[in-house]
Amino acid sequence: MHRVVSRRWMDLFVSVIAVFSVVVSTLLSANTSGTTQFKDQRILLIYSYHPTFPTARRVYEGVLAGFPKDNHPRIDIEFMDSKRHVDDEYQKLFLASLTYKLSQRAPYDLVMAVDDNAFNLVRSVKDELFADVPIVFLGVNNRKSALMANNEPNVTGVVEAASIAGTIHLAGALQPEMEHLHVIVDGTPSGQADLQTLLELASQFPDKTINVLSLAEMSWAELSNALPYINTQDAILLLSAYRDNTQKQLSFDDALKLILAKAPVPIFHLWEHGLGDGILGGLIISHFEQGKKAAQAARYILSGTSPATIPVVTESPNITVVDDRAMQRFGLNYAALPESAQIRFKRSSLFERYAVELSIVGLIFLLMAILIAYLIRQNQLRAKLTRTLAEQEHTLRSILDNLDACVYLKDMNGHYVFANAAVREVFQVPLEHVVGCDDYAFFSPLTAKEITQNDKTVLESGQTLRVEEVNTSKDGGLTRTYRTTKLPLKNEQGHVFALCGISVDVTEQKQYEEQLKFMAHYDQLTKLPNRLLFSDRLQQAILQCHRNNEVLAVIYIDLDGFKDINDRYGHETGDLLLKEIALTGHHILREQDTFARLGGDEFVAVLVDIQEQARAIEIAKRLIKLMATPFYISEKLLKISASIGITIYPQEEPLDADQLLRQADQAMYAAKTKGKNRYHCFDSQIEKHIIQREQRLDRIQKAIRAGELVLYYQPKVNMATGEVIGLEALVRWLHPEHGLLPPGDFLPLIEGHSLSIELGDWVIAQALEQLDHWYKQGLELSVSVNVSNMQLEHGRFVEKLRTQLGYYTNLPNNLLQLEILETGALENTSFVSATMNECQQMGLEFALDDFGTAYSSLSHLKKLPAAYLKIDRGFVKDILVDADDRAILDGVISLANAFQMKLIAEGIESVEHGTALLELGCQLAQGYAIARPMPAADIAEWLRMWKQPAAWRQATVSTAKEDHIV
């Protein structure tokens with residue numbers, strides 16, 4: 001009997017020692033901590049790409065991981081979508097939308113920009129939108145630009161340094177017979193930047209030929225057809241593949257599937273997305289670590305550290321990673337991998353899969369051998385056996401009772417035979433009330449049933465079981481989560497006689513994991529789905545529409561007057577109002593619908609399986625009515641309204657979730673511009689018209705930059721003396737297909753558009769260059785150029801004009817004259833007058849063009865320091881037959897005389913018109929009767945041939961006005 005007891009305690013001792021290391025490591029992994037210092041601060045995170053881009057989620061998870069789990073800043077996210085929409089006009093629309101949103105929100109404490117396009121945008125509008133706001137960038141490929149930006153105040157970040165050379169070295173090591181490296185790249189800016197870097201590195205690999213498969217020059221089908229002809233000893237480096245030369249876009253996953261289907265060689269990549277889906281690997285960039293390092297810099301800044309003292313992280317945390325399945329597929333040599341390489345998705349051997357268990361078994365055998373020797377010695381010392389066993393039991397109990405983990409033993413019937421102090425604390429009973437009881441005595445029936453089933457599996461199979469158990473107390477009041485390891489205890493014959501369990505309480509850790517998951521997908525203030533989760537649900541709803549032939553609607557909601565409430569009552573009251581609005585919107589929707597908050601005061605809903613647009617309009621009307629109902633919050637009666645945009649799917653064109661959301665956003669903006677507190681339905685025909693206009697504007701911009709525009713010059717003369725007093729520069733479009741186009745074919749389209757500023761700058765630059773050329777030839781003629789109202793009121797107009805004049809130091813400034821429209825000048829008289837005075841100080845003169853076409857106030861006219869008035873051709877053409885026009889013209893001449901301004905008549909179509917003007921006292925004129933607009937090269941010949949008509953020499957000029965030039 002004594003020997004049987006000894007053997008049982010030996011089995012117990014060996015089992016407990018074996019699991020002791022498992023307990024300690026489990027306890028260490030379950031330890032969590034947090035800090036509290038950032039919860040009241042706000043960050044704006046701007047992505048270059050769209051929510052479903054492969055790296056978007058990893059970057060966001062890295063940013064969250066860089067902050068304390070309990071108190072992280074509030075993060076709003078905006079997506080530029082510049083990977084799929086590279087045109088400038090779309091980005092201008094995004095910037096206009098962002099500018100509007102920022103005007104409705106409280107200022108941010110920090111801005112984070114992800115990828116080059118987002119960083120360039122933030123830098124370009126820093127002074128206007130983010131003055132004094134710290135900027136942290138990440139994922140920026142342009143190392144030089146990033147380091148230069150670090151010299152700017154309030155800018156730091158993390159460079160995305162792609163290891164192109166390292167990846168090529170890896171490819172050469174794994175494919176030693178490789179002669180050609182085939183590079184797949186598209187026309188996106190980041191793809192072309194990486195390609196340029198690769199080509200600059202080509203000299204490092206003289207034995208390798210770089211073969212570029214550019215989607216900027218081929219279609220997806222052409223790429224697919226080219227891949228099978230690649231030599232099997234070569235390799236492919238995938239830089240970027242999102243859009244082909246037909247502008248057809250594919251997601252990264254679809255593009256990768258197309259390439260993998262035909263590629264006969266390993267595919268290397270520089271980023272972690274795609275690993276596990278067929279890419280072999282490379283020296284990759286971890287976007288999670290990028291986000292985490294950028295967040296660490298943000299933590300220092302938000303804690304008071306100056307960004308200027310935080311250096312840019314120039315070395316990305318890149319690691320060599322390969323897919324074991326791809327290695328085996330191509331029969332590659334593992335010895336060629338660097339020692340630090342990670343081999344993922346590895347088909348592990350039996351020993352590798354059960355390394356810990358086999359190590360424990362080995363340790364058990366070693367301990368058993370030691371104990372056998374020890375027991376032989378004990379048999380020789382029978383007198384000391386009882387005391388020794390008691391000491392061992394006491395030591396063992398002391399060790400187990402001082403562990404935080406719950407350690408227990410059960411017999412074959414599931415009854416407890418031992419429980420350490422941690423177990424007894426959970427049960428709130430002493431050891432004698434635990435021994436002999438089963439789990440039904442301490443846990444709820446459902447929990448006890450699950451534990452009993454797990455115990456039965458271990459006892460019957462004789463195998464170790466690792467499982468998470470969610471245990472609820474018998475009274476149902478307390479539920480905790482445990483990570484449990486259950487080991488079968490066996491006797492010398494190998495028969496299971498008991499079970500040893502180790503359970504570590506991981507409730508807080510699981511709560512933190514759930515909190516991280518919730519933070520990544522839900523708005524922290526309203527608990528509604530955020531933009532990421534909403535985009536995913538909308539994409540699923542689109543797929544459901546296709547499967548079930550259904551209709552869905554997207555409703556975009558922007559609150560009117562919310563900023564005023566924030567400013568007047570504070571952000572705390574504003575947050576309470578947003579919570580009430582979230583509850584209101586959520587309650588009126590069906591369970592299958594989704595109501596989400598995008599950020600700030602913007603909400604969005606997706607209505608699935610609706611019959612027609614009328615259902616969406618009905619919901620929009622209800623929302624407008626509910627939002628207009630005053631909210632009683634913090635003893636304040638708050639009044640707001642809502643502007644709502646609606647779009648329906650499916651439509652004629654296939655659309656993705658981001659495009660639908662953008663349509664609803666545009667419709668909302670239309671509702672807001674029409675007076676707010678209303679809804680507006682997106683019209684695809686209007687959208688097509690806008691796109692066509694944008695295409696025409698884009699064509700005009702390309703014409704400016706391609707040198708297709710030219711300046712023609714029309715002479716201005718003194719009809720009384722025959723003197724040529726100057727020229728007016730008039731723009732023409734030398735279209736490669738349609739020939740010479742007059743300004744009426746394209747100038748009206750850019751009126752009020754920012755492109756008018758670019759065109760105006762170009763006209764001034766060309767006119768100054770031509771003036772300088774003529775001046776050097778001894779031809780001193782003034783040239784007047786037309787300046788649009790938008791160009792004149794641009795904040796840097798005078799500065800740019802001063803710079804342009806500075807290029808021609810020998811050219812008198814007064815040879816350049818500026819013509820502005822009377823209508824534009826009278827819209828903002830004070831500003832225009834101040835700008836004109838600054839230009840006059842540089843020696844420039846102004847003319848008011850199309851005078852008489854606007855409602856002119858004499859007081860306003862008096863404030864404008866113009867030297868010339870130009871009579872609109874509409875008053876000139878009928879003066880030979882219309883007495884009223886002649887009388888008006890006579891009055892304008894008197895008005896110009898009173899204000900001491902010179903008058904120029906436009907549109908002189910005949911000699912008779914000129915004679916009539918001379919009789920009225922108007923001497924200066926231009927028009928077809930004098931000369932048509934002509935190229936600069938023809939001016940010299942025209943001047944040589946020009947003669948004053950005899951009728952004008954004989955005309956009698958009114959004595960009262962003979963010294964006045966009009």
# chains A, B, ... in the order shown; residues from 1 in each chain; ligands from 1
$ select_by_dssp --residues "segment 224-296 of chain A" --states "strand (DSSP E)" --output "list of chain:residue names"
A:Ala235, A:Ile236, A:Leu237, A:Leu238, A:Ile267, A:Phe268, A:His269, A:Gly281, A:Gly282, A:Leu283, A:Ile284
$ atom_distance --atom1 "atom CA of Ala297 of chain A" --atom2 "atom CA of Val111 of chain A"
11.8 Å
$ select_by_dssp --residues "segment 136-307 of chain A" --states "helix (DSSP H, G or I)" --output "PyMOL selection string"
chain A and resi 143-149+164-174+189-204+220-229+252-262+287-302+307
$ residues_around --residues "Met842 of chain A" --least-positions-apart "4" --cutoff "9 Å" --atoms "only C-alpha atoms" --output "NGL selection string"
:A and (802 or 813-814 or 837-838)
$ write_last_selection --atoms "all heavy atoms" --output "compact mmCIF listing (two decimals), in the first residue's frame"
# COMPACT_ATOMS: atom_id res chain seq x y z
N ARG A 802 4.70 90.20 -60.25
CA ARG A 802 5.99 90.83 -59.95
C ARG A 802 7.15 89.89 -60.32
O ARG A 802 8.17 90.31 -60.86
CB ARG A 802 6.06 91.19 -58.46
CG ARG A 802 7.36 91.91 -58.07
CD ARG A 802 7.38 92.28 -56.60
NE ARG A 802 6.44 93.37 -56.30
CZ ARG A 802 5.33 93.21 -55.61
NH1 ARG A 802 5.01 92.01 -55.14
NH2 ARG A 802 4.50 94.22 -55.37
N ASN A 813 8.11 98.26 -67.59
CA ASN A 813 6.88 97.61 -67.13
C ASN A 813 5.63 98.21 -67.78
O ASN A 813 4.63 97.53 -67.97
CB ASN A 813 6.78 97.71 -65.61
CG ASN A 813 7.78 96.81 -64.92
OD1 ASN A 813 8.51 96.07 -65.58
ND2 ASN A 813 7.84 96.87 -63.60
N ASN A 814 5.68 99.51 -68.14
CA ASN A 814 4.47 100.16 -68.63
C ASN A 814 4.07 99.69 -70.02
O ASN A 814 3.03 100.08 -70.54
CB ASN A 814 4.62 101.68 -68.60
CG ASN A 814 5.77 102.15 -69.52
OD1 ASN A 814 6.44 101.34 -70.15
ND2 ASN A 814 5.98 103.46 -69.56
N ASN A 837 -4.02 99.24 -57.38
CA ASN A 837 -3.05 100.22 -56.86
C ASN A 837 -1.66 99.58 -56.72
O ASN A 837 -0.64 100.21 -57.01
CB ASN A 837 -3.51 100.76 -55.51
CG ASN A 837 -4.63 101.79 -55.67
OD1 ASN A 837 -4.64 102.56 -56.64
ND2 ASN A 837 -5.57 101.79 -54.75
N GLU A 838 -1.61 98.31 -56.25
CA GLU A 838 -0.33 97.63 -56.15
C GLU A 838 0.33 97.48 -57.51
O GLU A 838 1.54 97.64 -57.66
CB GLU A 838 -0.52 96.24 -55.50
CG GLU A 838 -0.80 96.26 -54.01
CD GLU A 838 -0.75 94.88 -53.41
OE1 GLU A 838 0.36 94.31 -53.31
OE2 GLU A 838 -1.82 94.34 -53.06
$ residues_around --residues "segment 644-656 of chain A" --least-positions-apart "2" --cutoff "7 Å" --atoms "only C-alpha atoms" --output "PDB file with N, CA and C atoms, in the first residue's frame"
ATOM      1  N   GLN A 539     -20.586  46.708 -49.851  1.00  0.00           N
ATOM      2  CA  GLN A 539     -20.111  45.808 -50.901  1.00  0.00           C
ATOM      3  C   GLN A 539     -20.869  44.488 -50.854  1.00  0.00           C
ATOM      4  N   VAL A 551     -32.918  45.698 -55.246  1.00  0.00           N
ATOM      5  CA  VAL A 551     -32.555  47.109 -55.366  1.00  0.00           C
ATOM      6  C   VAL A 551     -32.136  47.604 -53.985  1.00  0.00           C
ATOM      7  N   LEU A 552     -31.084  48.406 -53.927  1.00  0.00           N
ATOM      8  CA  LEU A 552     -30.670  49.022 -52.670  1.00  0.00           C
ATOM      9  C   LEU A 552     -30.555  50.527 -52.857  1.00  0.00           C
ATOM     10  N   ALA A 553     -30.520  51.226 -51.746  1.00  0.00           N
ATOM     11  CA  ALA A 553     -30.356  52.686 -51.767  1.00  0.00           C
ATOM     12  C   ALA A 553     -29.309  53.085 -50.744  1.00  0.00           C
ATOM     13  N   VAL A 554     -28.519  54.090 -51.087  1.00  0.00           N
ATOM     14  CA  VAL A 554     -27.561  54.680 -50.156  1.00  0.00           C
ATOM     15  C   VAL A 554     -28.025  56.100 -49.844  1.00  0.00           C
ATOM     16  N   ILE A 555     -28.166  56.399 -48.563  1.00  0.00           N
ATOM     17  CA  ILE A 555     -28.634  57.716 -48.107  1.00  0.00           C
ATOM     18  C   ILE A 555     -27.507  58.379 -47.332  1.00  0.00           C
ATOM     19  N   TYR A 556     -27.059  59.533 -47.814  1.00  0.00           N
ATOM     20  CA  TYR A 556     -25.946  60.278 -47.209  1.00  0.00           C
ATOM     21  C   TYR A 556     -26.533  61.488 -46.471  1.00  0.00           C
ATOM     22  N   ILE A 557     -26.206  61.615 -45.182  1.00  0.00           N
ATOM     23  CA  ILE A 557     -26.833  62.630 -44.322  1.00  0.00           C
ATOM     24  C   ILE A 557     -25.749  63.552 -43.768  1.00  0.00           C
ATOM     25  N   ASP A 558     -25.937  64.859 -43.949  1.00  0.00           N
ATOM     26  CA  ASP A 558     -25.052  65.860 -43.366  1.00  0.00           C
ATOM     27  C   ASP A 558     -25.906  66.834 -42.559  1.00  0.00           C
ATOM     28  N   GLN A 613     -37.258  53.579 -55.709  1.00  0.00           N
ATOM     29  CA  GLN A 613     -36.646  54.759 -55.114  1.00  0.00           C
ATOM     30  C   GLN A 613     -37.584  55.450 -54.114  1.00  0.00           C
ATOM     31  N   ALA A 620     -35.934  59.185 -46.252  1.00  0.00           N
ATOM     32  CA  ALA A 620     -35.252  60.480 -46.207  1.00  0.00           C
ATOM     33  C   ALA A 620     -36.157  61.555 -45.625  1.00  0.00           C
ATOM     34  N   ALA A 642     -31.202  68.608 -41.632  1.00  0.00           N
ATOM     35  CA  ALA A 642     -30.353  67.657 -42.348  1.00  0.00           C
ATOM     36  C   ALA A 642     -30.489  67.852 -43.850  1.00  0.00           C
ATOM     37  N   ASP A 658     -17.454  52.344 -53.146  1.00  0.00           N
ATOM     38  CA  ASP A 658     -16.907  53.702 -53.032  1.00  0.00           C
ATOM     39  C   ASP A 658     -17.578  54.656 -54.022  1.00  0.00           C
ATOM     40  N   GLN A 659     -17.859  54.171 -55.229  1.00  0.00           N
ATOM     41  CA  GLN A 659     -18.503  55.032 -56.225  1.00  0.00           C
ATOM     42  C   GLN A 659     -19.941  55.369 -55.813  1.00  0.00           C
ATOM     43  N   LEU A 660     -20.666  54.400 -55.262  1.00  0.00           N
ATOM     44  CA  LEU A 660     -22.031  54.669 -54.788  1.00  0.00           C
ATOM     45  C   LEU A 660     -22.016  55.702 -53.671  1.00  0.00           C
ATOM     46  N   GLN A 663     -21.491  59.092 -55.096  1.00  0.00           N
ATOM     47  CA  GLN A 663     -22.708  59.620 -55.730  1.00  0.00           C
ATOM     48  C   GLN A 663     -23.661  60.198 -54.680  1.00  0.00           C
ATOM     49  N   ALA A 664     -23.855  59.446 -53.587  1.00  0.00           N
ATOM     50  CA  ALA A 664     -24.741  59.935 -52.529  1.00  0.00           C
ATOM     51  C   ALA A 664     -24.195  61.212 -51.912  1.00  0.00           C
ATOM     52  N   ASP A 665     -22.871  61.291 -51.763  1.00  0.00           N
ATOM     53  CA  ASP A 665     -22.219  62.490 -51.227  1.00  0.00           C
ATOM     54  C   ASP A 665     -22.477  63.686 -52.143  1.00  0.00           C
ATOM     55  N   ALA A 667     -24.964  64.051 -54.233  1.00  0.00           N
ATOM     56  CA  ALA A 667     -26.381  64.405 -54.147  1.00  0.00           C
ATOM     57  C   ALA A 667     -26.659  65.204 -52.870  1.00  0.00           C
ATOM     58  N   MET A 668     -25.996  64.807 -51.759  1.00  0.00           N
ATOM     59  CA  MET A 668     -26.159  65.557 -50.515  1.00  0.00           C
ATOM     60  C   MET A 668     -25.667  66.984 -50.676  1.00  0.00           C
ATOM     61  N   ALA A 671     -28.188  69.009 -52.391  1.00  0.00           N
ATOM     62  CA  ALA A 671     -29.281  69.383 -51.493  1.00  0.00           C
ATOM     63  C   ALA A 671     -28.880  70.558 -50.607  1.00  0.00           C
ATOM     64  N   ARG A 678     -33.369  69.418 -46.879  1.00  0.00           N
ATOM     65  CA  ARG A 678     -34.075  68.784 -47.990  1.00  0.00           C
ATOM     66  C   ARG A 678     -33.258  67.594 -48.479  1.00  0.00           C
ATOM     67  N   TYR A 679     -33.850  66.820 -49.391  1.00  0.00           N
ATOM     68  CA  TYR A 679     -33.115  65.712 -49.978  1.00  0.00           C
ATOM     69  C   TYR A 679     -32.954  65.962 -51.469  1.00  0.00           C
ATOM     70  N   HIS A 680     -31.991  65.252 -52.043  1.00  0.00           N
ATOM     71  CA  HIS A 680     -31.759  65.341 -53.489  1.00  0.00           C
ATOM     72  C   HIS A 680     -31.341  63.956 -53.984  1.00  0.00           C
ATOM     73  N   CYS A 681     -31.942  63.520 -55.106  1.00  0.00           N
ATOM     74  CA  CYS A 681     -31.635  62.213 -55.679  1.00  0.00           C
ATOM     75  C   CYS A 681     -30.566  62.366 -56.763  1.00  0.00           C
ATOM     76  N   PHE A 682     -29.604  61.509 -56.717  1.00  0.00           N
ATOM     77  CA  PHE A 682     -28.511  61.548 -57.691  1.00  0.00           C
ATOM     78  C   PHE A 682     -29.045  61.253 -59.085  1.00  0.00           C
TER      79      PHE A 682
END
$ closest_residue --among "A:Gly462, A:Pro68, A:Gly436, A:Pro54" --to "Gly494 of chain A" --atoms "only C-alpha atoms"
A:Gly462
$ closest_residue --among "A:Gly66, A:Ser219, A:Asp411, A:Ile871" --to "Leu895 of chain A" --atoms "only C-alpha atoms"
A:Ile871
$ residues_around --residues "Ser240 of chain A" --least-positions-apart "3" --cutoff "7 Å" --atoms "only C-alpha atoms" --output "compact mmCIF listing (two decimals) with N, CA, C and O atoms, in the first residue's frame"
# COMPACT_ATOMS: atom_id res chain seq x y z
N ILE A 184 6.47 43.54 -63.66
CA ILE A 184 5.09 43.93 -63.98
C ILE A 184 4.77 45.23 -63.23
O ILE A 184 4.90 45.29 -62.02
N VAL A 185 4.35 46.26 -63.98
CA VAL A 185 4.08 47.57 -63.39
C VAL A 185 2.99 48.24 -64.21
O VAL A 185 2.83 47.97 -65.40
N ASP A 186 2.22 49.11 -63.56
CA ASP A 186 1.19 49.87 -64.27
C ASP A 186 1.60 51.35 -64.31
O ASP A 186 2.72 51.70 -63.95
N GLY A 191 3.68 53.19 -58.81
CA GLY A 191 4.27 52.13 -59.61
C GLY A 191 5.40 52.65 -60.48
O GLY A 191 6.47 52.03 -60.57
$ residues_around --residues "Asn718 of chain A" --least-positions-apart "5" --cutoff "7 Å" --atoms "only C-alpha atoms" --output "PyMOL selection string"
chain A and resi 723-725+923-925
$ atom_distance --atom1 "atom CA of Ala950 of chain A" --atom2 "atom CA of Ile893 of chain A"
23.9 Å
$ atom_distance --atom1 "atom CA of Ile135 of chain A" --atom2 "atom CA of Asp194 of chain A"
24.3 Å
$ residues_around --residues "Lys800 of chain A" --least-positions-apart "4" --cutoff "12 Å" --atoms "only C-alpha atoms" --output "list in words"
Ile757, Glu758, Gly760, Asp761, Trp762, Ile764, Ala765, Gln791, Leu792, His794, Gly795, Arg796, Gln804, Leu805, Gly806, Tyr807 and Cys839 of chain A
$ write_last_selection --atoms "N, CA, C and O atoms" --output "short mmCIF file (atom, residue, chain, number, x, y, z; two decimals), in the first residue's frame"
data_model
loop_
_atom_site.label_atom_id
_atom_site.label_comp_id
_atom_site.auth_asym_id
_atom_site.auth_seq_id
_atom_site.Cartn_x
_atom_site.Cartn_y
_atom_site.Cartn_z
N ILE A 757 -7.15 80.72 -64.14
CA ILE A 757 -5.94 81.31 -63.55
C ILE A 757 -4.71 80.81 -64.28
O ILE A 757 -3.80 81.58 -64.62
N GLU A 758 -4.67 79.49 -64.52
CA GLU A 758 -3.53 78.91 -65.24
C GLU A 758 -3.41 79.51 -66.63
O GLU A 758 -2.31 79.85 -67.08
N GLY A 760 -4.59 82.46 -67.63
CA GLY A 760 -4.20 83.87 -67.51
C GLY A 760 -2.72 84.03 -67.24
O GLY A 760 -2.07 84.92 -67.82
N ASP A 761 -2.14 83.17 -66.39
CA ASP A 761 -0.69 83.23 -66.14
C ASP A 761 0.08 82.95 -67.42
O ASP A 761 1.12 83.57 -67.69
N TRP A 762 -0.43 81.97 -68.20
CA TRP A 762 0.26 81.62 -69.46
C TRP A 762 0.23 82.80 -70.44
O TRP A 762 1.23 83.10 -71.09
N ILE A 764 0.00 86.06 -69.81
CA ILE A 764 0.91 87.12 -69.37
C ILE A 764 2.35 86.74 -69.68
O ILE A 764 3.15 87.55 -70.18
N ALA A 765 2.71 85.46 -69.41
CA ALA A 765 4.08 85.01 -69.67
C ALA A 765 4.41 85.10 -71.16
O ALA A 765 5.49 85.57 -71.54
N GLN A 791 -8.72 85.38 -61.64
CA GLN A 791 -7.27 85.53 -61.61
C GLN A 791 -6.87 86.76 -60.80
O GLN A 791 -5.93 86.73 -60.01
N LEU A 792 -7.61 87.86 -60.99
CA LEU A 792 -7.29 89.10 -60.30
C LEU A 792 -7.44 88.96 -58.79
O LEU A 792 -6.66 89.53 -58.03
N HIS A 794 -7.17 86.23 -57.08
CA HIS A 794 -6.34 85.18 -56.50
C HIS A 794 -5.30 85.80 -55.56
O HIS A 794 -4.71 86.83 -55.86
N GLY A 795 -5.09 85.17 -54.44
CA GLY A 795 -4.26 85.77 -53.39
C GLY A 795 -2.83 86.06 -53.81
O GLY A 795 -2.19 86.95 -53.26
N ARG A 796 -2.31 85.33 -54.83
CA ARG A 796 -0.91 85.49 -55.22
C ARG A 796 -0.77 86.19 -56.57
O ARG A 796 0.28 86.09 -57.20
N GLN A 804 7.06 87.53 -62.70
CA GLN A 804 7.15 87.44 -64.15
C GLN A 804 7.82 88.68 -64.74
O GLN A 804 8.65 88.59 -65.66
N LEU A 805 7.49 89.85 -64.23
CA LEU A 805 8.14 91.08 -64.71
C LEU A 805 9.62 91.08 -64.39
O LEU A 805 10.43 91.65 -65.14
N GLY A 806 9.99 90.43 -63.27
CA GLY A 806 11.39 90.41 -62.87
C GLY A 806 12.28 89.63 -63.82
O GLY A 806 13.51 89.78 -63.79
N TYR A 807 11.68 88.78 -64.66
CA TYR A 807 12.47 88.02 -65.63
C TYR A 807 13.00 88.91 -66.76
O TYR A 807 13.93 88.52 -67.48
N CYS A 839 -0.48 97.16 -58.52
CA CYS A 839 0.06 96.99 -59.88
C CYS A 839 0.52 98.34 -60.45
O CYS A 839 1.52 98.41 -61.18
#
$ closest_residue --among "A:Phe365, A:Tyr242, A:Trp271, A:Tyr632" --to "Ile285 of chain A" --atoms "only C-alpha atoms"
A:Trp271
